[in-house]
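Engineer: Okay, handing you the structure first.
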Amino acid sequence: MTSVIDRREDSAVAVPVSWWRDAVIYQIYPRSFADSNGDGMGDLPGIRSRLPYLRDLGVDAVWLSPFYASPQADAGYDVADYRTVDPVFGTLADAQGLITDAHDLGLRVIVDLVPNHSSDRHEWFRRAVAEGPGSPFRDRYHFRPGRGAGGELPPNDWPSIFGGPAWTRTTNPDGTPGEWYLHLFAPEQPDFNWDHPAVADEFRTILRFWLDLGVDGFRIDVAHGLVKAQGLPDLGVETQWHLLDVGVSPCFDRDGVHDIYRSWRRILDEYPGERIAVAEAWAPTLERVAAYVRPDELHQAFNFSYLGTGWNVADQRRMIDASLAAMRAVGAPATWTLSNHDVVRHTNRLLQADDGDVAGRRPTAVDPVAGLRRARAASLLLLALPGSAYLYQGEELGLPEVVDLPPEVRQDPAFHRAAGQDGYRDGCRVPIPWHGDQAPYGFGPDGGPSWLPQPEAWAELSVAAQENVPGSTLSLYRAALAIRRSHPGLGAPDNLRWVDGPAGVLQFDRDGFRCTVNLGAGAVRVDRVGEVLLASGPIDADPDAVTLPADTAVWWSR
Ligand code: GLC
């Protein structure tokens, strides 16, 4: 692990090698992290003021979800200007200050890049619509005449990920019904046409803009979506649920995306200090995901296959092996994630998996004690695996999914559209509790609003309530991250060796380190193999053996 950043060319300090291969990267969802001005929305000055907390937590880098100028139709994943900070989040000077402060604290900064689509308020799209058919700006998106006698039907059968058709009809400047445009997500998110050279040029410039500002990398939103099949042929399947797994899809994971990432890699490599890119790439197999991280493409890809793995020994072991093998084949590190801003928090999701809902699309209430116990065990397992780990803000506090938000406060665009794939994402986006007995718990000024209401029970989950409290989830994460940094076995790449254990137990060694996890329903006794470094919950230890209750993980030094 590297804790010091000093990668400027004139630096006298040794340049760390490949910091990202085993980095712990903490996702900040800006609107929900810390609100400095009391408008109920988190902002960049709020994040800046909390960076020492992240340094103390022990992460290597932060990834910031979008904070660019945006009408917020999809919480900022609808970008109107890629080089401007939205006033709700602050200014470009705030972004610059945040990057500088983070670097001073030894934290790297990764920003989100949204290249598949813009906002419908982006200047190109506004001109495309305003200028009517024939506008050169229409070629930068996918505009098509409709099907049917009067063009009243969408140009093809593609569904939107958020529900409903992936096409919206425009109105001509003279008021008559016009062409349709493609949006794989909300209508406010028109897809770019990546066959147009101006689109590729623009994004190369945007990359350089943020690299020049000092960012250490990019998280590439919908990295699998940029290139569409020539002619936009019908999908031929009936519902959106198949959109991601139709094998060779006309809209996702097209081979052409890889040329784009090769050109981006050349840009990243021009900059000192190993600037990286991580792909949000949904592809049918791990091998197809691995193609995004070949040596001349991006550096990492999220491992959504692991995120959706059931809580049992056979599935966990199979998926960990498959992930390591797929990434080894291209020389990339594996990555591991349990929670992010699009999925049900793993405090709930891993219990929901028992009922067959591994993806956790519909958050349900779970026993909070059992949910947290399993989540803590899963987090220790995740942090013991070789490669890079992505944490989502609040998981270090053991925050549960908020399952009872009333419909009128929900803002996920898919919630209000027909049964969208991602319609229930607000419950993992509730603002962080920092301190105090009453909402907003230090998220913003006392008595101030928060854009989503926080549950009453969150007083006891706040940072202040957990800080320096032995056994708290925050203390567990801090201890785990400190051990991860210092134990040589955890710093070595790809050194996992499975160790057989009692039924229901997953165990592996990593050069002087062992992780033992009880995924079974009852307590198990395992022989003592060394010093217990950390346990995710209470264990019984005697001189020869240790008893792990269900859903408990132990880290050992051997
Ligand atoms: C990605 C983001 C998600 C967003 C979508 C459209 O999946 O993670 O939050 O809604 O892209 O940009």
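All residue names refer to the structure tokens as shown: chains lettered A, B, ... in order, residues numbered from 1 in each chain, ligands numbered from 1 in order.
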Tell me which protein, DNA and RNA residues are within 12 Å of Leu51 of chain A, counting only C-alpha atoms, leaving out same-chain ones fewer than 6 positions away, and put them as a list in words.
Structural biologist: Tyr26, Ile28, Phe33, Ala34, Leu44, Pro45, Leu57, Gly58, Val59, Asp60, Ala61, Val62, Gly97, Leu98, Ile99, Thr100, Asp101, Ala102, His103, Asp104, Leu105, Gly106, Leu107, Arg108 and Val109 of chain A
Engineer: List the neighbours of segment 208-222 of chain A out to 7 Å using only C-alpha atoms; skip same-chain residues closer than 2 positions along the sequence, and give me the result as a PyMOL selection string.
Structural biologist: chain A and resi 96+99+108-116+204-206+224-225+275-281
Engineer: May I have all residues of segment 163-252 of chain A that DSSP, computed from the backbone, assigns to alpha helix (DSSP H), given as a PyMOL selection string?
Structural biologist: chain A and resi 197-213
Engineer: Could you list, with a cut-off of 10 Å and counting only C-alpha atoms and all ligand atoms, the residues of chain A near ligand 1, each shown with its nearest atom pair and the distance in Å rounded to one decimal, rows sorted by chain and ascending number, as JSON lines?
Structural biologist:
{"residue": "A:Ser65", "atom": "CA", "partner": "ligand 1", "partner_atom_place_in_ligand_line": "8 (O)", "distance": 8.3}
{"residue": "A:Pro66", "atom": "CA", "partner": "ligand 1", "partner_atom_place_in_ligand_line": "9 (O)", "distance": 9.5}
{"residue": "A:Ala73", "atom": "CA", "partner": "ligand 1", "partner_atom_place_in_ligand_line": "10 (O)", "distance": 9.4}
{"residue": "A:Asp74", "atom": "CA", "partner": "ligand 1", "partner_atom_place_in_ligand_line": "10 (O)", "distance": 5.8}
{"residue": "A:Ala75", "atom": "CA", "partner": "ligand 1", "partner_atom_place_in_ligand_line": "9 (O)", "distance": 7.5}
{"residue": "A:Gly76", "atom": "CA", "partner": "ligand 1", "partner_atom_place_in_ligand_line": "12 (O)", "distance": 8.2}
{"residue": "A:Tyr77", "atom": "CA", "partner": "ligand 1", "partner_atom_place_in_ligand_line": "12 (O)", "distance": 4.5}
{"residue": "A:Asp78", "atom": "CA", "partner": "ligand 1", "partner_atom_place_in_ligand_line": "12 (O)", "distance": 6.6}
{"residue": "A:Val79", "atom": "CA", "partner": "ligand 1", "partner_atom_place_in_ligand_line": "12 (O)", "distance": 9.2}
{"residue": "A:Asp112", "atom": "CA", "partner": "ligand 1", "partner_atom_place_in_ligand_line": "8 (O)", "distance": 9.3}
{"residue": "A:Leu113", "atom": "CA", "partner": "ligand 1", "partner_atom_place_in_ligand_line": "12 (O)", "distance": 9.5}
{"residue": "A:Val114", "atom": "CA", "partner": "ligand 1", "partner_atom_place_in_ligand_line": "12 (O)", "distance": 6.6}
{"residue": "A:Pro115", "atom": "CA", "partner": "ligand 1", "partner_atom_place_in_ligand_line": "12 (O)", "distance": 8.8}
{"residue": "A:Asn116", "atom": "CA", "partner": "ligand 1", "partner_atom_place_in_ligand_line": "12 (O)", "distance": 7.6}
{"residue": "A:His117", "atom": "CA", "partner": "ligand 1", "partner_atom_place_in_ligand_line": "12 (O)", "distance": 7.3}
{"residue": "A:Ser118", "atom": "CA", "partner": "ligand 1", "partner_atom_place_in_ligand_line": "12 (O)", "distance": 8.8}
{"residue": "A:Ser119", "atom": "CA", "partner": "ligand 1", "partner_atom_place_in_ligand_line": "12 (O)", "distance": 9.8}
{"residue": "A:Ile161", "atom": "CA", "partner": "ligand 1", "partner_atom_place_in_ligand_line": "6 (C)", "distance": 8.6}
{"residue": "A:Phe162", "atom": "CA", "partner": "ligand 1", "partner_atom_place_in_ligand_line": "10 (O)", "distance": 8.3}
{"residue": "A:His183", "atom": "CA", "partner": "ligand 1", "partner_atom_place_in_ligand_line": "6 (C)", "distance": 9.9}
{"residue": "A:Leu184", "atom": "CA", "partner": "ligand 1", "partner_atom_place_in_ligand_line": "6 (C)", "distance": 8.3}
{"residue": "A:Phe185", "atom": "CA", "partner": "ligand 1", "partner_atom_place_in_ligand_line": "6 (C)", "distance": 5.9}
{"residue": "A:Ala186", "atom": "CA", "partner": "ligand 1", "partner_atom_place_in_ligand_line": "6 (C)", "distance": 8.0}
{"residue": "A:Gln189", "atom": "CA", "partner": "ligand 1", "partner_atom_place_in_ligand_line": "12 (O)", "distance": 7.7}
{"residue": "A:Arg219", "atom": "CA", "partner": "ligand 1", "partner_atom_place_in_ligand_line": "8 (O)", "distance": 9.6}
{"residue": "A:Ile220", "atom": "CA", "partner": "ligand 1", "partner_atom_place_in_ligand_line": "1 (C)", "distance": 8.8}
{"residue": "A:Asp221", "atom": "CA", "partner": "ligand 1", "partner_atom_place_in_ligand_line": "1 (C)", "distance": 5.3}
{"residue": "A:Val222", "atom": "CA", "partner": "ligand 1", "partner_atom_place_in_ligand_line": "11 (O)", "distance": 5.4}
{"residue": "A:Ala223", "atom": "CA", "partner": "ligand 1", "partner_atom_place_in_ligand_line": "1 (C)", "distance": 9.0}
{"residue": "A:Gly225", "atom": "CA", "partner": "ligand 1", "partner_atom_place_in_ligand_line": "11 (O)", "distance": 9.8}
{"residue": "A:Glu280", "atom": "CA", "partner": "ligand 1", "partner_atom_place_in_ligand_line": "7 (O)", "distance": 7.2}
{"residue": "A:Ala281", "atom": "CA", "partner": "ligand 1", "partner_atom_place_in_ligand_line": "7 (O)", "distance": 9.0}
{"residue": "A:Trp282", "atom": "CA", "partner": "ligand 1", "partner_atom_place_in_ligand_line": "7 (O)", "distance": 9.1}
{"residue": "A:Asn340", "atom": "CA", "partner": "ligand 1", "partner_atom_place_in_ligand_line": "8 (O)", "distance": 8.1}
{"residue": "A:His341", "atom": "CA", "partner": "ligand 1", "partner_atom_place_in_ligand_line": "9 (O)", "distance": 6.4}
{"residue": "A:Asp342", "atom": "CA", "partner": "ligand 1", "partner_atom_place_in_ligand_line": "9 (O)", "distance": 5.5}
{"residue": "A:Val343", "atom": "CA", "partner": "ligand 1", "partner_atom_place_in_ligand_line": "8 (O)", "distance": 9.2}
{"residue": "A:Asp412", "atom": "CA", "partner": "ligand 1", "partner_atom_place_in_ligand_line": "10 (O)", "distance": 8.3}
{"residue": "A:Pro413", "atom": "CA", "partner": "ligand 1", "partner_atom_place_in_ligand_line": "10 (O)", "distance": 8.4}
{"residue": "A:Ala414", "atom": "CA", "partner": "ligand 1", "partner_atom_place_in_ligand_line": "10 (O)", "distance": 8.7}
{"residue": "A:Asp422", "atom": "CA", "partner": "ligand 1", "partner_atom_place_in_ligand_line": "10 (O)", "distance": 7.8}
{"residue": "A:Gly423", "atom": "CA", "partner": "ligand 1", "partner_atom_place_in_ligand_line": "10 (O)", "distance": 9.7}
{"residue": "A:Arg425", "atom": "CA", "partner": "ligand 1", "partner_atom_place_in_ligand_line": "9 (O)", "distance": 8.4}
Engineer: For Pro71 of chain A, which residue among A:Pro455, A:Asp86, A:Ser339, A:Gln300 is the nearest when counting only C-alpha atoms?
Structural biologist: A:Asp86
Engineer: Which neighbours of His435 of chain A fall inside 9 Å, counting only C-alpha atoms, when residues of the same chain fewer than 3 positions from it are skipped, and could you give them as a compact mmCIF listing (two decimals) with all heavy atoms, in the first residue's frame?
Structural biologist:
# COMPACT_ATOMS: atom_id res chain seq x y z
N GLN A 438 -30.10 14.65 16.47
CA GLN A 438 -31.25 14.93 15.60
C GLN A 438 -30.79 15.16 14.17
O GLN A 438 -29.72 15.70 13.93
CB GLN A 438 -31.95 16.21 16.07
CG GLN A 438 -32.75 15.97 17.32
CD GLN A 438 -33.45 17.23 17.80
OE1 GLN A 438 -33.27 18.31 17.23
NE2 GLN A 438 -34.24 17.08 18.84
N PRO A 440 -30.26 16.97 10.82
CA PRO A 440 -29.50 16.16 9.86
C PRO A 440 -28.20 15.57 10.40
O PRO A 440 -27.34 15.23 9.59
CB PRO A 440 -29.23 17.15 8.73
CG PRO A 440 -29.05 18.47 9.42
CD PRO A 440 -29.99 18.43 10.59
N TYR A 441 -28.05 15.43 11.71
CA TYR A 441 -26.89 14.73 12.28
C TYR A 441 -25.55 15.25 11.73
O TYR A 441 -24.68 14.47 11.35
CB TYR A 441 -26.97 13.23 12.02
CG TYR A 441 -28.26 12.57 12.46
CD1 TYR A 441 -29.12 12.03 11.51
CD2 TYR A 441 -28.60 12.48 13.80
CE1 TYR A 441 -30.31 11.44 11.89
CE2 TYR A 441 -29.79 11.88 14.19
CZ TYR A 441 -30.63 11.36 13.24
OH TYR A 441 -31.80 10.76 13.61
N GLY A 442 -25.44 16.57 11.65
CA GLY A 442 -24.17 17.13 11.21
C GLY A 442 -23.93 17.04 9.71
O GLY A 442 -22.90 17.50 9.22
N PHE A 443 -24.87 16.46 8.96
CA PHE A 443 -24.72 16.46 7.50
C PHE A 443 -24.68 17.90 7.00
O PHE A 443 -23.91 18.26 6.12
CB PHE A 443 -25.88 15.69 6.86
CG PHE A 443 -26.05 15.95 5.38
CD1 PHE A 443 -25.09 15.52 4.47
CD2 PHE A 443 -27.17 16.62 4.90
CE1 PHE A 443 -25.24 15.77 3.11
CE2 PHE A 443 -27.32 16.87 3.54
CZ PHE A 443 -26.35 16.44 2.66
N ALA A 459 -28.93 8.36 14.80
CA ALA A 459 -28.11 9.04 15.80
C ALA A 459 -27.02 8.10 16.30
O ALA A 459 -25.86 8.47 16.43
CB ALA A 459 -28.97 9.53 16.95
N GLU A 460 -27.39 6.85 16.53
CA GLU A 460 -26.40 5.93 17.10
C GLU A 460 -25.44 5.36 16.06
O GLU A 460 -24.48 4.67 16.40
CB GLU A 460 -27.08 4.81 17.87
CG GLU A 460 -28.02 3.97 17.05
CD GLU A 460 -28.94 3.15 17.95
OE1 GLU A 460 -29.57 3.74 18.84
OE2 GLU A 460 -29.01 1.93 17.74
N LEU A 461 -25.71 5.66 14.79
CA LEU A 461 -24.79 5.20 13.74
C LEU A 461 -23.85 6.31 13.28
O LEU A 461 -23.03 6.11 12.38
CB LEU A 461 -25.59 4.68 12.54
CG LEU A 461 -26.43 3.43 12.80
CD1 LEU A 461 -27.25 3.06 11.56
CD2 LEU A 461 -25.53 2.26 13.20
N SER A 462 -23.95 7.49 13.88
CA SER A 462 -23.15 8.62 13.38
C SER A 462 -21.66 8.35 13.61
O SER A 462 -21.28 7.50 14.44
CB SER A 462 -23.55 9.91 14.08
OG SER A 462 -23.06 9.92 15.40
N VAL A 463 -20.85 9.09 12.89
CA VAL A 463 -19.40 8.97 13.04
C VAL A 463 -19.01 9.24 14.50
O VAL A 463 -18.26 8.47 15.11
CB VAL A 463 -18.69 9.97 12.10
CG1 VAL A 463 -17.20 10.03 12.39
CG2 VAL A 463 -18.95 9.60 10.64
N ALA A 464 -19.57 10.31 15.09
CA ALA A 464 -19.19 10.65 16.47
C ALA A 464 -19.59 9.54 17.43
O ALA A 464 -18.86 9.26 18.39
CB ALA A 464 -19.85 11.97 16.87
N ALA A 465 -20.74 8.92 17.17
CA ALA A 465 -21.20 7.86 18.08
C ALA A 465 -20.32 6.61 17.98
O ALA A 465 -20.30 5.79 18.89
CB ALA A 465 -22.66 7.52 17.80
Engineer: As a list in words, please: all residues of segment 264-301 of chain A that backbone DSSP puts in strand (DSSP E).
Structural biologist: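 Filtering segment 264-301 of chain A to strand (DSSP E) leaves Ile276, Ala277, Val278, Ala279, Gln300 and Ala301 of chain A.
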Engineer: Just to be explicit: take each residue in the selection above, keep N, CA and C atoms, and write the result as a PDB file, in the first residue's frame.
Structural biologist:
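What landed in selection.pdb:
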ATOM      1  N   ILE A 276      -5.356   6.813 -13.614  1.00  0.00           N
ATOM      2  CA  ILE A 276      -6.049   5.565 -13.967  1.00  0.00           C
ATOM      3  C   ILE A 276      -7.474   5.798 -14.453  1.00  0.00           C
ATOM      4  N   ALA A 277      -8.055   4.756 -14.994  1.00  0.00           N
ATOM      5  CA  ALA A 277      -9.475   4.779 -15.332  1.00  0.00           C
ATOM      6  C   ALA A 277     -10.080   3.443 -14.929  1.00  0.00           C
ATOM      7  N   VAL A 278     -11.260   3.521 -14.342  1.00  0.00           N
ATOM      8  CA  VAL A 278     -11.979   2.303 -13.932  1.00  0.00           C
ATOM      9  C   VAL A 278     -13.314   2.268 -14.666  1.00  0.00           C
ATOM     10  N   ALA A 279     -13.590   1.129 -15.263  1.00  0.00           N
ATOM     11  CA  ALA A 279     -14.768   1.005 -16.115  1.00  0.00           C
ATOM     12  C   ALA A 279     -15.975   0.519 -15.339  1.00  0.00           C
ATOM     13  N   GLN A 300      -8.849  -0.685 -14.428  1.00  0.00           N
ATOM     14  CA  GLN A 300      -9.675  -1.554 -13.597  1.00  0.00           C
ATOM     15  C   GLN A 300     -11.094  -1.569 -14.153  1.00  0.00           C
ATOM     16  N   ALA A 301     -11.842  -2.584 -13.782  1.00  0.00           N
ATOM     17  CA  ALA A 301     -13.276  -2.628 -14.093  1.00  0.00           C
ATOM     18  C   ALA A 301     -13.993  -3.113 -12.845  1.00  0.00           C
TER      19      ALA A 301
END
Engineer: In Å, how far is it from atom CA of Met41 of chain A to atom CA of Phe89 of chain A?
Structural biologist: 7.8 Å
Engineer: Give one line per residue of segment 373-477 of chain A that approaches segment 481-486 of chain A to at most 12 Å, naming the two atoms of the closest pair and their distance in Å to one decimal, counting only C-alpha atoms; sort by chain then ascending residue number and deliver it as a Markdown table.
Structural biologist:
| residue | atom | partner | partner_atom | distance |
| --- | --- | --- | --- | --- |
| A:Ser379 | CA | A:Leu481 | CA | 10.8 |
| A:Leu380 | CA | A:Leu481 | CA | 9.6 |
| A:Leu381 | CA | A:Arg484 | CA | 11.7 |
| A:Leu382 | CA | A:Arg484 | CA | 11.2 |
| A:Leu383 | CA | A:Arg484 | CA | 7.5 |
| A:Ala384 | CA | A:Arg484 | CA | 7.5 |
| A:Leu385 | CA | A:Arg484 | CA | 10.0 |
| A:Pro386 | CA | A:Arg484 | CA | 10.4 |
| A:Gly387 | CA | A:Arg484 | CA | 11.4 |
| A:Ser388 | CA | A:Arg484 | CA | 11.2 |
| A:Ala389 | CA | A:Leu481 | CA | 10.6 |
| A:Leu391 | CA | A:Leu481 | CA | 11.3 |
| A:Glu396 | CA | A:Leu481 | CA | 10.8 |
| A:Leu474 | CA | A:Leu481 | CA | 10.6 |
| A:Ser475 | CA | A:Leu481 | CA | 9.9 |
| A:Leu476 | CA | A:Leu481 | CA | 8.6 |
| A:Tyr477 | CA | A:Leu481 | CA | 6.0 |
Engineer: Might you pull out every residue within 9 Å of Ala314 of chain A, with only C-alpha atoms counted and same-chain residues fewer than 4 positions away left off, and present them as an MDAnalysis selection string?
Structural biologist: chainID A and resid 310 318:319 504 506
Engineer: Output N, CA, C and O atoms for every residue in the selection just made, as a PDB file, in the first residue's frame.
Structural biologist:
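Once everything was written out, this is out05.pdb:
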ATOM      1  N   GLY A 310     -24.112 -14.909  -4.292  1.00  0.00           N
ATOM      2  CA  GLY A 310     -24.828 -15.335  -3.091  1.00  0.00           C
ATOM      3  C   GLY A 310     -23.879 -15.558  -1.919  1.00  0.00           C
ATOM      4  O   GLY A 310     -22.680 -15.800  -2.095  1.00  0.00           O
ATOM      5  N   ARG A 318     -16.276 -19.883  -6.079  1.00  0.00           N
ATOM      6  CA  ARG A 318     -16.274 -19.961  -7.547  1.00  0.00           C
ATOM      7  C   ARG A 318     -16.090 -18.561  -8.153  1.00  0.00           C
ATOM      8  O   ARG A 318     -15.311 -18.371  -9.080  1.00  0.00           O
ATOM      9  N   MET A 319     -16.787 -17.576  -7.611  1.00  0.00           N
ATOM     10  CA  MET A 319     -16.707 -16.247  -8.217  1.00  0.00           C
ATOM     11  C   MET A 319     -15.369 -15.569  -7.940  1.00  0.00           C
ATOM     12  O   MET A 319     -14.836 -14.863  -8.797  1.00  0.00           O
ATOM     13  N   GLY A 504     -19.426 -24.863   5.539  1.00  0.00           N
ATOM     14  CA  GLY A 504     -19.901 -23.489   5.728  1.00  0.00           C
ATOM     15  C   GLY A 504     -18.789 -22.474   5.925  1.00  0.00           C
ATOM     16  O   GLY A 504     -19.047 -21.283   6.038  1.00  0.00           O
ATOM     17  N   LEU A 506     -15.342 -20.557   4.661  1.00  0.00           N
ATOM     18  CA  LEU A 506     -14.479 -20.165   3.541  1.00  0.00           C
ATOM     19  C   LEU A 506     -13.163 -19.699   4.159  1.00  0.00           C
ATOM     20  O   LEU A 506     -13.175 -18.844   5.048  1.00  0.00           O
TER      21      LEU A 506
END
Engineer: Using Å and a single decimal, report how far atom CA of Ala439 of chain A sits from atom CA of Pro30 of chain A.
Structural biologist: 18.1 Å
